[in-house]
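As provided, target-v4.tsv (TSV, C-alpha atoms) reads as follows.
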```tsv
chain	number	residue	atom	x	y	z
H	1	MET	CA	-7.56	31.34	10.16
H	2	LYS	CA	-10.89	30.41	11.72
H	3	LYS	CA	-14.28	29.38	10.41
H	4	TYR	CA	-17.71	30.39	11.69
H	5	ILE	CA	-21.01	28.66	10.97
H	6	CYS	CA	-24.48	30.21	10.77
H	7	LEU	CA	-26.56	28.32	13.35
H	8	ILE	CA	-29.70	28.94	11.32
H	9	CYS	CA	-28.83	27.75	7.84
H	10	GLY	CA	-25.34	26.26	8.05
H	11	TYR	CA	-23.55	28.89	5.90
H	12	ILE	CA	-19.84	28.91	6.75
H	13	TYR	CA	-17.77	32.08	6.95
H	14	ASP	CA	-14.14	31.18	6.34
H	15	GLU	CA	-11.69	33.91	7.35
H	16	SER	CA	-9.22	32.75	4.72
H	17	MET	CA	-11.83	33.16	1.96
H	18	GLY	CA	-13.81	36.24	3.00
H	19	VAL	CA	-16.95	37.01	0.97
H	20	PRO	CA	-15.67	38.52	-2.31
H	21	GLU	CA	-19.25	39.18	-3.57
H	22	GLU	CA	-19.74	41.52	-0.61
H	23	ASP	CA	-16.31	43.13	-0.84
H	24	ILE	CA	-15.08	41.27	2.22
H	25	SER	CA	-11.61	40.32	1.05
H	26	PRO	CA	-9.85	37.07	1.90
H	27	VAL	CA	-8.04	37.00	5.25
H	28	THR	CA	-10.63	39.27	6.89
H	29	LYS	CA	-10.84	38.41	10.59
H	30	TRP	CA	-14.28	37.63	12.01
H	31	LEU	CA	-13.75	40.40	14.59
H	32	ASP	CA	-13.26	42.93	11.79
H	33	ILE	CA	-16.62	42.19	10.22
H	34	PRO	CA	-19.19	44.84	11.24
H	35	SER	CA	-21.71	43.79	13.89
H	36	ASP	CA	-24.64	44.61	11.59
H	37	TRP	CA	-23.37	42.19	8.94
H	38	ILE	CA	-25.92	39.49	8.14
H	39	CYS	CA	-25.66	35.94	6.83
H	40	PRO	CA	-25.45	36.11	3.00
H	41	LEU	CA	-27.63	33.02	2.73
H	42	CYS	CA	-30.48	33.46	5.21
H	43	GLY	CA	-30.18	36.97	6.66
H	44	ALA	CA	-29.49	35.86	10.25
H	45	PRO	CA	-27.48	38.37	12.31
H	46	LYS	CA	-23.76	37.96	13.02
H	47	SER	CA	-24.60	36.98	16.60
H	48	ASP	CA	-26.14	33.74	15.31
H	49	PHE	CA	-22.77	32.45	14.10
H	50	ALA	CA	-20.61	30.11	16.16
H	51	GLU	CA	-16.93	29.36	15.79
H	52	ILE	CA	-16.03	25.97	14.37
H	53	GLU	CA	-13.09	24.60	16.33
H	54	ALA	CA	-10.22	22.74	14.67
H	55	ASN	CA	-11.80	19.39	15.59
H	56	ASP	CA	-15.07	20.51	13.91
H	57	ASN	CA	-16.93	20.87	17.18
H	58	LEU	CA	-19.05	23.93	17.73
H	59	LYS	CA	-18.23	26.07	20.71
H	60	THR	CA	-21.50	25.79	22.56
H	61	ARG	CA	-23.53	28.82	23.36
H	62	VAL	CA	-25.21	28.88	26.74
H	63	THR	CA	-28.74	30.21	26.68
H	64	PRO	CA	-30.26	31.38	29.93
H	65	ASN	CA	-33.14	29.37	31.29
H	66	GLN	CA	-36.01	31.67	32.07
H	67	GLY	CA	-39.75	32.08	31.70
H	68	SER	CA	-42.43	29.71	32.86
H	69	ARG	CA	-44.32	27.07	30.94
H	70	ALA	CA	-47.73	28.28	29.84
H	71	SER	CA	-50.50	26.36	31.51
H	72	GLU	CA	-52.64	24.10	29.37
H	73	THR	CA	-56.14	25.49	29.27
H	74	SER	CA	-59.21	24.16	27.53
H	75	ALA	CA	-58.99	27.00	25.02
H	76	LEU	CA	-55.54	25.76	24.12
H	77	SER	CA	-56.82	22.31	23.37
H	78	PHE	CA	-59.20	23.83	20.84
H	79	ALA	CA	-56.13	25.45	19.34
H	80	LYS	CA	-54.34	22.10	19.27
H	81	MET	CA	-57.30	20.41	17.60
H	82	SER	CA	-57.27	23.16	15.01
H	83	VAL	CA	-53.58	22.43	14.33
H	84	LEU	CA	-54.24	18.69	14.17
H	85	CYS	CA	-57.02	19.18	11.61
H	86	SER	CA	-55.09	21.64	9.44
H	87	ASN	CA	-52.20	19.15	9.43
H	88	LEU	CA	-54.52	16.32	8.37
H	89	SER	CA	-56.03	18.55	5.70
H	90	LYS	CA	-52.57	18.94	4.19
H	91	GLY	CA	-51.96	15.20	4.52
H	92	CYS	CA	-55.09	14.52	2.45
H	93	GLU	CA	-54.13	17.15	-0.11
H	94	LYS	CA	-50.80	15.41	-0.67
H	95	GLN	CA	-52.69	12.21	-1.39
H	96	TYR	CA	-54.95	14.07	-3.85
H	97	ARG	CA	-57.94	13.56	-1.56
H	98	SER	CA	-59.45	16.99	-2.01
H	99	LYS	CA	-62.83	16.16	-0.47
H	100	GLU	CA	-61.29	14.88	2.77
H	101	SER	CA	-58.83	17.76	2.77
H	102	ASP	CA	-61.72	20.19	2.59
H	103	LEU	CA	-63.60	18.50	5.45
H	104	PHE	CA	-60.55	18.59	7.75
H	105	SER	CA	-60.05	22.21	6.81
H	106	GLN	CA	-63.65	22.96	7.88
H	107	LEU	CA	-62.99	21.28	11.24
H	108	SER	CA	-59.74	23.21	11.65
H	109	ASP	CA	-61.53	26.51	11.01
H	110	TYR	CA	-64.26	25.56	13.46
H	111	PHE	CA	-61.78	24.83	16.26
H	112	LYS	CA	-59.92	28.01	15.48
H	113	THR	CA	-63.06	30.10	16.05
H	114	LYS	CA	-63.52	28.31	19.39
H	115	SER	CA	-59.97	29.03	20.51
H	116	SER	CA	-59.68	32.47	22.03
H	117	LEU	CA	-56.75	34.66	21.05
H	118	THR	CA	-54.22	35.49	23.72
H	119	LYS	CA	-54.47	39.25	24.00
H	120	ASP	CA	-52.50	41.79	26.03
H	121	LYS	CA	-49.31	39.84	25.46
H	122	GLY	CA	-46.40	41.04	23.42
H	123	PHE	CA	-43.12	40.06	21.82
H	124	ALA	CA	-41.49	39.85	25.27
H	125	ASP	CA	-43.84	36.97	26.13
H	126	LEU	CA	-42.98	35.29	22.83
H	127	SER	CA	-39.28	35.68	23.57
H	128	ASN	CA	-39.73	34.02	26.97
H	129	LEU	CA	-41.46	31.01	25.45
H	130	ILE	CA	-38.86	30.73	22.68
H	131	THR	CA	-35.99	30.99	25.17
H	132	GLN	CA	-37.52	28.16	27.15
H	133	ASP	CA	-37.93	26.06	23.97
H	134	LEU	CA	-34.32	26.62	22.99
H	135	SER	CA	-32.75	26.22	26.41
H	136	MET	CA	-34.72	23.20	27.52
H	137	SER	CA	-37.43	21.62	25.37
H	138	TYR	CA	-35.32	21.02	22.24
H	139	THR	CA	-32.36	19.63	24.17
H	140	ASN	CA	-34.67	17.29	26.04
H	141	ALA	CA	-36.63	16.20	22.95
H	142	ASN	CA	-33.45	15.69	20.93
H	143	SER	CA	-31.88	13.38	23.49
H	144	ILE	CA	-35.09	11.35	23.75
H	145	ALA	CA	-35.49	11.08	19.96
H	146	LYS	CA	-31.83	10.00	19.67
H	147	ALA	CA	-32.22	7.38	22.39
H	148	GLU	CA	-35.33	6.01	20.68
H	149	ASN	CA	-33.66	6.22	17.26
H	150	ASP	CA	-36.71	8.06	15.90
H	151	ARG	CA	-35.53	9.58	12.60
H	152	GLY	CA	-38.80	11.39	11.92
H	153	ALA	CA	-38.76	13.09	15.30
H	154	LEU	CA	-35.10	14.06	14.88
H	155	ARG	CA	-35.92	15.57	11.47
H	156	VAL	CA	-38.74	17.76	12.78
H	157	LEU	CA	-36.60	18.85	15.75
H	158	VAL	CA	-33.74	19.96	13.47
H	159	TRP	CA	-36.07	21.97	11.24
H	160	SER	CA	-38.15	23.61	13.94
H	161	GLU	CA	-35.16	24.40	16.16
H	162	LYS	CA	-33.55	26.31	13.28
H	163	VAL	CA	-36.80	28.12	12.54
H	164	THR	CA	-37.18	28.97	16.24
H	165	LYS	CA	-33.64	30.39	16.37
H	166	MET	CA	-34.49	32.56	13.39
H	167	LEU	CA	-37.64	33.80	15.17
H	168	ILE	CA	-35.73	34.82	18.31
H	169	SER	CA	-33.15	36.59	16.19
H	170	ILE	CA	-35.91	38.47	14.33
H	171	LEU	CA	-37.48	39.47	17.66
H	172	GLN	CA	-34.10	40.70	18.91
H	173	GLN	CA	-33.48	42.68	15.71
H	174	TYR	CA	-37.00	44.16	15.91
H	175	GLU	CA	-36.38	45.16	19.52
H	176	LYS	CA	-33.39	47.22	18.38
H	177	LYS	CA	-34.51	48.61	15.03
H	178	LYS	CA	-38.32	48.58	15.41
H	179	ASN	CA	-40.12	49.26	12.12
H	180	ALA	CA	-36.89	50.20	10.33
H	181	LEU	CA	-36.17	46.45	10.32
H	182	LEU	CA	-38.80	45.90	7.65
H	183	GLU	CA	-38.29	49.09	5.69
H	184	ASN	CA	-38.18	48.25	1.96
H	185	LYS	CA	-38.24	44.56	2.76
H	186	ASN	CA	-40.69	41.81	2.01
H	187	VAL	CA	-41.52	39.06	4.49
H	188	TYR	CA	-41.72	35.41	3.42
H	189	VAL	CA	-42.72	32.27	5.33
H	190	CYS	CA	-41.74	28.81	4.10
H	191	GLU	CA	-45.00	26.87	3.83
H	192	ILE	CA	-43.22	23.62	4.62
H	193	CYS	CA	-41.07	24.29	7.71
H	194	GLY	CA	-42.16	27.80	8.81
H	195	PHE	CA	-38.82	29.56	8.20
H	196	VAL	CA	-39.29	33.35	8.17
H	197	TYR	CA	-37.16	35.43	5.81
H	198	MET	CA	-36.97	39.20	5.40
H	199	GLY	CA	-35.53	40.47	2.11
H	200	ASP	CA	-36.15	42.01	-1.31
H	201	PHE	CA	-36.82	38.72	-3.09
H	202	PRO	CA	-37.62	35.19	-1.94
H	203	LEU	CA	-34.59	32.91	-1.71
H	204	GLU	CA	-34.14	30.24	-4.41
H	205	LEU	CA	-34.39	27.52	-1.76
H	206	CYS	CA	-35.53	27.51	1.85
H	207	PRO	CA	-32.25	27.46	3.81
H	208	VAL	CA	-33.76	25.16	6.46
H	209	CYS	CA	-35.78	22.51	4.60
H	210	LYS	CA	-34.43	23.16	1.07
H	211	VAL	CA	-37.84	23.35	-0.59
H	212	PRO	CA	-37.85	25.45	-3.82
H	213	LYS	CA	-39.03	29.05	-3.69
H	214	MET	CA	-42.56	28.40	-4.96
H	215	LYS	CA	-43.28	27.28	-1.39
H	216	LEU	CA	-42.02	30.55	0.14
H	217	ALA	CA	-45.21	32.55	0.64
H	218	GLN	CA	-45.12	36.31	0.97
H	219	VAL	CA	-46.84	37.85	4.00
H	220	LYS	CA	-48.42	41.08	2.79
H	221	ARG	CA	-48.56	44.28	4.81
H	222	GLY	CA	-52.11	45.44	5.29
A	1	MET	CA	-51.94	2.02	-6.99
A	2	TYR	CA	-53.75	4.56	-9.15
A	3	ALA	CA	-52.35	7.49	-11.12
A	4	VAL	CA	-52.59	11.16	-10.12
A	5	ARG	CA	-51.48	14.22	-12.06
A	6	ASN	CA	-49.65	17.21	-10.57
A	7	ILE	CA	-51.17	20.14	-12.45
A	8	ARG	CA	-48.23	22.37	-11.52
A	9	LEU	CA	-45.87	20.15	-13.48
A	10	CYS	CA	-48.15	19.17	-16.38
A	11	THR	CA	-47.01	20.78	-19.65
A	12	LYS	CA	-49.94	19.48	-21.73
A	13	ASP	CA	-47.87	17.17	-23.89
A	14	CYS	CA	-50.86	14.84	-23.74
A	15	LEU	CA	-48.88	11.61	-24.10
A	16	CYS	CA	-50.93	10.26	-21.20
A	17	LEU	CA	-54.03	10.50	-23.39
A	18	TYR	CA	-52.26	8.54	-26.11
A	19	VAL	CA	-51.05	5.66	-23.92
A	20	CYS	CA	-53.95	5.21	-21.48
A	21	PRO	CA	-55.81	1.98	-22.33
A	22	THR	CA	-59.07	3.11	-20.71
A	23	GLY	CA	-59.24	6.85	-21.30
A	24	ALA	CA	-58.94	7.58	-17.56
A	25	THR	CA	-56.49	10.42	-18.24
A	26	ASP	CA	-58.97	12.23	-20.50
A	27	THR	CA	-61.03	14.32	-18.09
A	28	GLU	CA	-62.37	17.86	-17.95
A	29	ASN	CA	-60.92	18.73	-14.52
A	30	GLY	CA	-57.33	17.76	-15.33
A	31	GLN	CA	-57.35	14.92	-12.81
A	32	ILE	CA	-57.17	11.24	-13.68
A	33	ASP	CA	-60.40	9.31	-13.18
A	34	ALA	CA	-59.73	6.87	-10.34
A	35	GLU	CA	-62.75	4.73	-11.32
A	36	THR	CA	-61.42	3.82	-14.77
A	37	CYS	CA	-57.67	3.98	-13.98
A	38	LEU	CA	-56.21	0.45	-14.06
A	39	SER	CA	-54.49	-0.27	-10.76
A	40	GLY	CA	-50.72	-0.54	-11.20
A	41	CYS	CA	-50.81	0.03	-15.01
A	42	ARG	CA	-48.45	3.08	-14.93
A	43	ALA	CA	-48.39	3.54	-18.74
A	44	CYS	CA	-49.07	7.27	-18.31
A	45	VAL	CA	-46.49	7.62	-15.52
A	46	ASP	CA	-43.73	6.30	-17.78
A	47	ALA	CA	-44.92	8.20	-20.87
A	48	CYS	CA	-45.16	11.67	-19.31
A	49	PRO	CA	-42.12	13.74	-20.40
A	50	SER	CA	-42.65	16.22	-17.52
A	51	HIS	CA	-42.86	13.64	-14.72
A	52	ALA	CA	-46.21	15.11	-13.74
A	53	ILE	CA	-47.94	11.78	-13.05
A	54	SER	CA	-47.26	9.48	-10.14
A	55	LEU	CA	-48.90	6.47	-8.53
A	56	VAL	CA	-50.65	6.75	-5.19
A	57	PRO	CA	-51.17	3.62	-3.13
A	58	GLU	CA	-54.75	2.64	-2.31
A	59	LYS	CA	-53.56	1.40	1.04
A	60	TYR	CA	-50.62	2.91	2.89
A	61	PRO	CA	-48.43	0.87	5.21
A	62	PRO	CA	-49.07	1.55	8.92
A	63	GLN	CA	-47.30	4.53	10.44
A	64	GLN	CA	-44.02	4.14	12.29
A	65	GLU	CA	-44.77	3.49	15.98
A	66	LYS	CA	-44.02	6.46	18.22
A	67	SER	CA	-42.85	5.90	21.78
A	68	ASP	CA	-44.62	7.66	24.65
A	69	ALA	CA	-41.39	9.45	25.58
A	70	VAL	CA	-41.03	10.95	22.07
A	71	LYS	CA	-44.71	11.92	21.96
A	72	LYS	CA	-44.40	13.63	25.34
A	73	ALA	CA	-41.27	15.55	24.37
A	74	LEU	CA	-42.77	16.75	21.07
A	75	HIS	CA	-45.97	17.64	22.90
A	76	ALA	CA	-44.14	20.02	25.24
A	77	LEU	CA	-42.91	21.92	22.17
A	78	LEU	CA	-46.32	21.74	20.53
A	79	ILE	CA	-47.95	23.45	23.53
A	80	SER	CA	-45.38	26.24	23.38
A	81	LYS	CA	-45.77	26.76	19.60
A	82	THR	CA	-49.56	26.84	19.91
A	83	GLU	CA	-49.34	29.46	22.66
A	84	GLN	CA	-46.91	31.47	20.51
A	85	GLU	CA	-49.34	31.27	17.58
A	86	LYS	CA	-52.10	32.62	19.81
A	87	ILE	CA	-50.00	35.45	21.22
A	88	SER	CA	-48.79	36.57	17.79
A	89	SER	CA	-52.30	36.26	16.29
A	90	GLY	CA	-53.48	38.46	19.16
A	91	ILE	CA	-50.86	41.08	18.27
A	92	ALA	CA	-51.69	40.81	14.55
A	93	GLU	CA	-55.39	41.41	15.27
A	94	THR	CA	-55.16	44.20	17.79
A	95	SER	CA	-52.18	46.35	16.77
A	96	ASP	CA	-52.65	49.66	14.92
A	97	ASP	CA	-49.21	49.39	13.36
A	98	PRO	CA	-49.26	47.71	9.91
A	99	ILE	CA	-45.59	46.67	10.10
A	100	LEU	CA	-46.01	45.10	13.53
A	101	ARG	CA	-49.14	43.32	12.27
A	102	GLN	CA	-47.22	41.96	9.27
A	103	LEU	CA	-44.39	40.64	11.43
A	104	ALA	CA	-46.80	39.17	13.99
A	105	GLU	CA	-48.74	37.44	11.22
A	106	ALA	CA	-45.55	35.89	9.83
A	107	ILE	CA	-44.59	34.64	13.31
A	108	SER	CA	-48.08	33.28	13.86
A	109	THR	CA	-48.01	31.36	10.54
A	110	SER	CA	-44.53	30.08	11.29
A	111	ASN	CA	-45.67	28.70	14.64
A	112	ARG	CA	-48.74	27.04	13.10
A	113	LEU	CA	-46.51	25.30	10.55
A	114	MET	CA	-44.04	24.12	13.20
A	115	ALA	CA	-46.90	22.86	15.38
A	116	GLU	CA	-48.40	20.91	12.46
A	117	ASP	CA	-45.04	19.34	11.70
A	118	LEU	CA	-44.49	18.38	15.37
A	119	LEU	CA	-47.91	16.70	15.46
A	120	ARG	CA	-47.13	14.84	12.26
A	121	GLU	CA	-44.11	13.26	13.94
A	122	ALA	CA	-46.05	12.66	17.16
A	123	GLY	CA	-48.24	10.05	15.45
A	124	TYR	CA	-50.56	12.01	13.16
A	125	MET	CA	-48.79	11.63	9.82
A	126	LEU	CA	-51.41	9.65	7.92
A	127	PRO	CA	-55.08	10.65	7.79
A	128	GLN	CA	-55.90	6.92	7.45
A	129	SER	CA	-54.11	5.95	10.67
A	130	LYS	CA	-55.91	4.45	13.64
A	131	ASN	CA	-54.84	7.47	15.72
A	132	VAL	CA	-56.83	9.77	13.45
A	133	GLN	CA	-59.85	7.44	13.43
A	134	ASP	CA	-59.76	7.38	17.24
A	135	PHE	CA	-59.49	11.16	17.35
A	136	LEU	CA	-62.49	11.59	15.03
A	137	GLN	CA	-64.51	9.04	16.99
A	138	SER	CA	-63.68	10.79	20.26
A	139	LEU	CA	-65.11	14.01	18.82
A	140	LEU	CA	-68.44	12.21	18.35
A	141	ASP	CA	-68.32	10.44	21.73
A	142	GLU	CA	-67.47	13.47	23.82
A	143	GLU	CA	-69.76	16.38	24.54
A	144	GLN	CA	-69.30	19.20	22.02
A	145	PRO	CA	-70.60	22.77	21.77
A	146	GLU	CA	-74.04	23.17	20.20
A	147	ASP	CA	-72.73	24.45	16.87
A	148	PHE	CA	-70.27	21.57	16.43
A	149	PRO	CA	-70.29	20.28	12.81
A	150	THR	CA	-71.02	16.61	13.66
A	151	GLU	CA	-71.85	15.81	10.02
A	152	VAL	CA	-68.33	16.79	8.89
A	153	VAL	CA	-66.79	14.27	11.30
A	154	GLU	CA	-69.28	11.57	10.28
A	155	LYS	CA	-68.48	12.12	6.61
A	156	LEU	CA	-64.75	11.80	7.30
A	157	LEU	CA	-65.22	8.57	9.27
A	158	ASN	CA	-67.26	7.23	6.37
A	159	ILE	CA	-64.74	8.02	3.63
A	160	LEU	CA	-61.42	7.47	5.40
A	161	LYS	CA	-60.76	3.78	5.83
A	162	SER	CA	-58.22	2.78	8.46
A	163	ASN	CA	-54.96	1.24	7.20
A	164	ASP	CA	-53.93	-0.25	10.55
```
Go ahead and render the structure in this file as structure tokens.
Amino acid sequence: MKKYICLICGYIYDESMGVPEEDISPVTKWLDIPSDWICPLCGAPKSDFAEIEANDNLKTRVTPNQGSRASETSALSFAKMSVLCSNLSKGCEKQYRSKESDLFSQLSDYFKTKSSLTKDKGFADLSNLITQDLSMSYTNANSIAKAENDRGALRVLVWSEKVTKMLISILQQYEKKKNALLENKNVYVCEICGFVYMGDFPLELCPVCKVPKMKLAQVKRG
Amino acid sequence: MYAVRNIRLCTKDCLCLYVCPTGATDTENGQIDAETCLSGCRACVDACPSHAISLVPEKYPPQQEKSDAVKKALHALLISKTEQEKISSGIAETSDDPILRQLAEAISTSNRLMAEDLLREAGYMLPQSKNVQDFLQSLLDEEQPEDFPTEVVEKLLNILKSND
């Protein structure tokens, strides 16, 4: 009997246990589970599970290295300054400094208006950037953060890598199902780590950062 | 250390009003008056049955030092997330399809949140840090567009005192 782990949220499918709540009886082989089955915890597709070997190591998945790094333009630095200021606005809010929070928020909005949107690009361009993040940037950043023993950096890399894997899996599902993917489903974004979830109701906890559901904000259709 | 109240958790048991020696907890806006709050007193923190009051330090310890290698590695991801935010915002603004717009908006928000978090760990955790002061000062020193809100930056530099 084998075990498989969801690479997004860590849910483990154990062949010996099955998923009784979903009428998947014990001793159901992984291969016999339909390909459109999704993770009971976070909704990730079956393809985002990896086998856990007897020695608890994951069988590694090889992701192709493709796409080119976007060039850094001046418009992008306005975008970065906008991100920096919205981050600092939240930092002030957490310290109950509402006046400072408001001022940083004004700066963030200002820089956002100065940063031009990237138009005429689509989900394929997003997928290329994400593939590059997952195949190269995270591996590189993780090994550096480990070498420097930087716990904070390791924490953000774990969270955002999981969120990024969820995004690529959503893009892949959308590619196949198009708008049917979101039929009768709500969309939620975790305000803390950015995890995106599609479902009827928000989850009790964010599967990535474990924040309670009051921080899972619904993205309305309009 | 002065006391702050989390309105989300406050269940209006009002024990803070009863124990506060100065009346700092008795305000119209639901916040505790920092001027009259006695530093380090914590009578209200211990009395609150809903754990809605906590102490906030006046001065935070300096941020953890970040190495150049870590900053550079996080920066590479930051650039990618920012570009992804811009691409998905572009889709969300220009598409005629409401479902595509909804999905693109969620992806855009997700990327903004990841980018903020990456910057936090790349040395911009605390608004009072020297990094932030230097950033604000550089905005005043460098040439900016005509409509740049200089007064907002000046106000921030005036209120936020460096902890480094």
Check: Hey, can you pull every residue with an atom no more than 12 Å from (-51.8, 38.0, 26.5), using only C-alpha atoms, and send it as a PyMOL selection string?
Finding: (chain H and resi 70+116-126) or (chain A and resi 83-91+94)
Next item on the list: Could you list, as a PyMOL selection string, the residues of chain A having an atom within 8 Å of chain H when counting only C-alpha atoms?
Entry: chain A and resi 4+56+66-67+69-70+73-74+76-77+79-80+82-84+86-91+94+98-103+105-107+109-122+124-127+148-149+152-153+156+159-160
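Across the model, the gap from atom CA of Phe135 of chain A to atom CA of Asp147 of chain A is 18.8 Å.
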Item checked: 8 Å contact set for Cys44 of chain A, all atoms listed in the file, chain neighbours under 3 positions out, as a list in words ->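 Counting only the stated atoms, we get Ala3, Leu15, Cys16, Leu17, Val19, Cys20, Ala47, Cys48 and Ile53 of chain A.
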Next item on the list: May I have the protein, DNA and RNA residues with any atom at most 7 Å from the point (-18.0, 27.2, 11.4), counting all atoms listed in the file, written as JSON, numbers by chain?
Entry: {"H": [3, 4, 5, 12, 13, 50, 51, 52]}
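Taking atom CA of Ser47 of chain H and atom CA of His75 of chain A as the two end points, the separation is 29.5 Å.
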